[in-house]
file final.pdb (PDB, C-alpha atoms, pLDDT in the B column)
MODEL        1
ATOM      1  CA  MET A  10       8.267  10.884  21.963  1.00 39.00           C
ATOM      2  CA  THR A  11      10.077  13.019  19.421  1.00 41.00           C
ATOM      3  CA  GLU A  12       9.078  13.295  15.768  1.00 43.00           C
ATOM      4  CA  THR A  13      12.089  11.187  14.777  1.00 41.00           C
ATOM      5  CA  GLU A  14      11.210   8.428  17.239  1.00 43.00           C
ATOM      6  CA  LYS A  15       7.640   8.239  15.919  1.00 48.00           C
ATOM      7  CA  ASN A  16       8.814   7.809  12.341  1.00 55.00           C
ATOM      8  CA  THR A  17      11.625   5.330  12.994  1.00 63.00           C
ATOM      9  CA  GLY A  18      10.152   2.923  15.563  1.00 71.00           C
ATOM     10  CA  PRO A  19       9.935  -0.788  14.834  1.00 79.00           C
ATOM     11  CA  LYS A  20       6.118  -0.966  14.605  1.00 87.00           C
ATOM     12  CA  ARG A  21       5.703   0.928  11.363  1.00 90.00           C
ATOM     13  CA  LEU A  22       5.712   0.666   7.598  1.00 91.00           C
ATOM     14  CA  GLN A  23       8.992   1.793   6.118  1.00 92.00           C
ATOM     15  CA  ASN A  24       7.940   1.279   2.498  1.00 91.00           C
ATOM     16  CA  VAL A  25       4.808   0.683   0.425  1.00 91.00           C
ATOM     17  CA  VAL A  26       5.141  -0.808  -3.059  1.00 90.00           C
ATOM     18  CA  LEU A  27       2.226  -0.642  -5.486  1.00 85.00           C
ATOM     19  CA  ASP A  28       2.793  -3.567  -7.835  1.00 82.00           C
ATOM     20  CA  ASP A  29       0.986  -3.135 -11.132  1.00 73.00           C
ATOM     21  CA  GLY A  30       3.241  -5.542 -12.989  1.00 66.00           C
ATOM     22  CA  GLY A  31       5.107  -2.666 -14.597  1.00 59.00           C
ATOM     23  CA  VAL A  32       2.908  -2.796 -17.683  1.00 59.00           C
ATOM     24  CA  ILE A  33       0.547   0.108 -16.959  1.00 66.00           C
ATOM     25  CA  ARG A  34       1.710   3.537 -18.004  1.00 70.00           C
ATOM     26  CA  ARG A  35      -0.037   6.417 -16.304  1.00 72.00           C
ATOM     27  CA  ALA A  36      -0.083  10.136 -16.844  1.00 77.00           C
ATOM     28  CA  PRO A  37       2.511  12.014 -14.764  1.00 83.00           C
ATOM     29  CA  GLU A  38      -0.287  13.620 -12.731  1.00 79.00           C
ATOM     30  CA  ILE A  39      -1.625  10.213 -11.687  1.00 79.00           C
ATOM     31  CA  GLU A  40       1.860   8.939 -10.820  1.00 82.00           C
ATOM     32  CA  HIS A  41       2.324  12.050  -8.688  1.00 87.00           C
ATOM     33  CA  GLU A  42      -0.964  11.404  -6.853  1.00 83.00           C
ATOM     34  CA  ARG A  43       0.071   7.798  -6.191  1.00 84.00           C
ATOM     35  CA  ALA A  44       3.425   8.967  -4.806  1.00 88.00           C
ATOM     36  CA  VAL A  45       1.652  11.474  -2.545  1.00 90.00           C
ATOM     37  CA  ALA A  46      -0.715   8.747  -1.289  1.00 88.00           C
ATOM     38  CA  VAL A  47       2.234   6.472  -0.427  1.00 89.00           C
ATOM     39  CA  PHE A  48       4.017   9.370   1.273  1.00 92.00           C
ATOM     40  CA  ASP A  49       0.906  10.033   3.370  1.00 91.00           C
ATOM     41  CA  LEU A  50       0.694   6.347   4.360  1.00 88.00           C
ATOM     42  CA  LEU A  51       4.317   6.329   5.476  1.00 91.00           C
ATOM     43  CA  ASP A  52       4.177   9.637   7.339  1.00 91.00           C
ATOM     44  CA  ASP A  53       3.958   9.022  11.089  1.00 85.00           C
ATOM     45  CA  ASN A  54       2.339   5.581  10.695  1.00 90.00           C
ATOM     46  CA  ARG A  55       1.954   2.716  13.128  1.00 91.00           C
ATOM     47  CA  PHE A  56       1.770  -0.881  11.872  1.00 89.00           C
ATOM     48  CA  ASP A  57       2.162  -4.179  13.636  1.00 86.00           C
ATOM     49  CA  LEU A  58       1.899  -7.723  12.320  1.00 84.00           C
ATOM     50  CA  VAL A  59       0.481  -9.902  15.103  1.00 83.00           C
ATOM     51  CA  GLY A  60       2.553 -12.995  15.806  1.00 80.00           C
ATOM     52  CA  GLU A  61       5.570 -11.833  13.842  1.00 70.00           C
ATOM     53  CA  ALA A  62       8.814 -10.103  14.740  1.00 75.00           C
ATOM     54  CA  ASP A  63       8.786  -6.343  15.111  1.00 79.00           C
ATOM     55  CA  GLY A  64       9.271  -4.320  11.955  1.00 82.00           C
ATOM     56  CA  PRO A  65       9.837  -2.021  10.392  1.00 91.00           C
ATOM     57  CA  TYR A  66       7.810  -3.592   7.599  1.00 92.00           C
ATOM     58  CA  GLU A  67       7.373  -3.244   3.862  1.00 93.00           C
ATOM     59  CA  LEU A  68       3.900  -3.558   2.354  1.00 92.00           C
ATOM     60  CA  HIS A  69       3.590  -4.786  -1.224  1.00 93.00           C
ATOM     61  CA  LEU A  70       0.120  -4.313  -2.705  1.00 91.00           C
ATOM     62  CA  ALA A  71      -0.896  -6.150  -5.870  1.00 90.00           C
ATOM     63  CA  ILE A  72      -3.973  -7.407  -7.628  1.00 87.00           C
ATOM     64  CA  GLN A  73      -3.776 -11.115  -8.350  1.00 87.00           C
ATOM     65  CA  GLU A  74      -6.579 -13.451  -9.353  1.00 87.00           C
ATOM     66  CA  ASN A  75      -9.234 -10.798  -8.668  1.00 85.00           C
ATOM     67  CA  ARG A  76      -7.923 -10.248  -5.142  1.00 89.00           C
ATOM     68  CA  LEU A  77      -6.110  -7.379  -3.497  1.00 89.00           C
ATOM     69  CA  GLN A  78      -2.999  -8.987  -2.045  1.00 93.00           C
ATOM     70  CA  PHE A  79      -1.281  -7.511   0.997  1.00 93.00           C
ATOM     71  CA  ASP A  80       2.230  -8.970   1.131  1.00 94.00           C
ATOM     72  CA  VAL A  81       3.838  -7.849   4.391  1.00 93.00           C
ATOM     73  CA  ARG A  82       7.614  -8.196   4.402  1.00 93.00           C
ATOM     74  CA  ASP A  83      10.400  -7.531   6.831  1.00 89.00           C
ATOM     75  CA  GLY A  84      12.909  -4.755   6.207  1.00 84.00           C
ATOM     76  CA  GLY A  85      15.080  -7.134   4.199  1.00 86.00           C
ATOM     77  CA  GLY A  86      12.282  -8.047   1.784  1.00 88.00           C
ATOM     78  CA  LYS A  87      11.446 -11.497   3.224  1.00 90.00           C
ATOM     79  CA  SER A  88       7.700 -12.203   3.047  1.00 91.00           C
ATOM     80  CA  LEU A  89       6.162 -12.582   6.519  1.00 92.00           C
ATOM     81  CA  SER A  90       2.468 -12.816   5.710  1.00 91.00           C
ATOM     82  CA  ILE A  91       0.259 -12.627   2.633  1.00 93.00           C
ATOM     83  CA  VAL A  92      -3.344 -11.542   3.090  1.00 92.00           C
ATOM     84  CA  PRO A  93      -5.591 -11.774   0.028  1.00 94.00           C
ATOM     85  CA  LEU A  94      -8.854  -9.816   0.026  1.00 92.00           C
ATOM     86  CA  PRO A  95     -11.575 -10.405  -2.566  1.00 93.00           C
ATOM     87  CA  LEU A  96     -12.158  -7.320  -4.698  1.00 87.00           C
ATOM     88  CA  SER A  97     -15.879  -7.918  -5.228  1.00 89.00           C
ATOM     89  CA  PRO A  98     -16.960  -6.011  -2.055  1.00 90.00           C
ATOM     90  CA  PHE A  99     -14.942  -3.023  -3.317  1.00 83.00           C
ATOM     91  CA  ARG A 100     -16.181  -3.141  -6.918  1.00 84.00           C
ATOM     92  CA  ARG A 101     -18.337  -0.005  -6.606  1.00 90.00           C
ATOM     93  CA  ILE A 102     -15.570   1.972  -4.886  1.00 87.00           C
ATOM     94  CA  VAL A 103     -13.004   0.921  -7.509  1.00 77.00           C
ATOM     95  CA  LYS A 104     -15.398   1.828 -10.327  1.00 84.00           C
ATOM     96  CA  ASP A 105     -15.982   5.266  -8.789  1.00 88.00           C
ATOM     97  CA  TYR A 106     -12.232   5.717  -8.315  1.00 80.00           C
ATOM     98  CA  PHE A 107     -11.513   5.020 -11.972  1.00 78.00           C
ATOM     99  CA  THR A 108     -14.342   7.321 -13.036  1.00 85.00           C
ATOM    100  CA  VAL A 109     -12.789  10.146 -10.998  1.00 82.00           C
ATOM    101  CA  CYS A 110      -9.323   9.363 -12.408  1.00 73.00           C
ATOM    102  CA  GLU A 111     -10.607   9.431 -15.989  1.00 76.00           C
ATOM    103  CA  SER A 112     -12.300  12.797 -15.458  1.00 78.00           C
ATOM    104  CA  TYR A 113      -9.124  14.160 -13.880  1.00 66.00           C
TER
ENDMDL
END
call {"tool": "encode", "arguments": {"input": "final.pdb", "output": "structure tokens"}}
result
Amino acid sequence: MTETEKNTGPKRLQNVVLDDGGVIRRAPEIEHERAVAVFDLLDDNRFDLVGEADGPYELHLAIQENRLQFDVRDGGGKSLSIVPLPLSPFRRIVKDYFTVCESY
């Protein structure tokens, strides 16, 4: 399989959107780190949504009602599946993350 085939197959994420409601302004360094993280997720990935049509997919991540919401969409933006995860098990990790970001 060539490099192009790996990155353009149907079972992959073609886009990741971090939805913060557009109200949070971050330092340029933090925005750069977020962009790098998304780039790394998209680079040579493999993703499949069981029971749904092949992708490629878009993943929209948001925090709503104290849950991390994974909204998986088709390439045209139509929502295929929404998976909410409670944030409470990740509270310590999130706290540590923000501590590192503040010291950065």
call {"tool": "resolve_selection", "arguments": {"input": "final.pdb", "expression": "the PyMOL selection byres ((chain A and resi 65) around 9)", "output": "ChimeraX atom specification"}}
result
/A:17-24,56-57,63-64,66-67,82-84
call {"tool": "resolve_selection", "arguments": {"input": "final.pdb", "expression": "the PyMOL selection byres ((chain A and resi 68) around 6)", "output": "PDB file with C-alpha atoms, in the frame of the given file"}}
result
ATOM      1  CA  VAL A  25       4.808   0.683   0.425  1.00 91.00           C
ATOM      2  CA  GLU A  67       7.373  -3.244   3.862  1.00 93.00           C
ATOM      3  CA  HIS A  69       3.590  -4.786  -1.224  1.00 93.00           C
ATOM      4  CA  ASP A  80       2.230  -8.970   1.131  1.00 94.00           C
ATOM      5  CA  VAL A  81       3.838  -7.849   4.391  1.00 93.00           C
TER       6      VAL A  81
END
call {"tool": "closest_residue", "arguments": {"input": "final.pdb", "among": "A:Leu58, A:Leu51, A:Val26, A:Leu94", "to": "Gln78 in chain A", "atoms": "all atoms listed in the file"}}
result
A:Leu94
call {"tool": "atom_distance", "arguments": {"input": "final.pdb", "atom1": "CA of Thr108 in chain A", "atom2": "CA of Pro37 in chain A"}}
result
17.6 Å
call {"tool": "residues_around", "arguments": {"input": "final.pdb", "residues": "Pro93 in chain A", "least_positions_apart": "3", "cutoff": "9 Å", "atoms": "only C-alpha atoms", "output": "ChimeraX atom specification"}}
result
/A:72-73,76-80
call {"tool": "closest_residue", "arguments": {"input": "final.pdb", "among": "A:Val92, A:Leu27, A:Cys110, A:Val103", "to": "Val47 in chain A", "atoms": "only C-alpha atoms"}}
result
A:Leu27
call {"tool": "closest_residue", "arguments": {"input": "final.pdb", "among": "A:Arg43, A:Arg55, A:Glu111, A:Leu89", "to": "Asp28 in chain A", "atoms": "all atoms listed in the file"}}
result
A:Arg43
call {"tool": "atom_distance", "arguments": {"input": "final.pdb", "atom1": "CA of Val109 in chain A", "atom2": "CA of Asp53 in chain A"}}
result
27.7 Å
call {"tool": "atom_distance", "arguments": {"input": "final.pdb", "atom1": "CA of Phe99 in chain A", "atom2": "CA of Glu61 in chain A"}}
result
28.2 Å
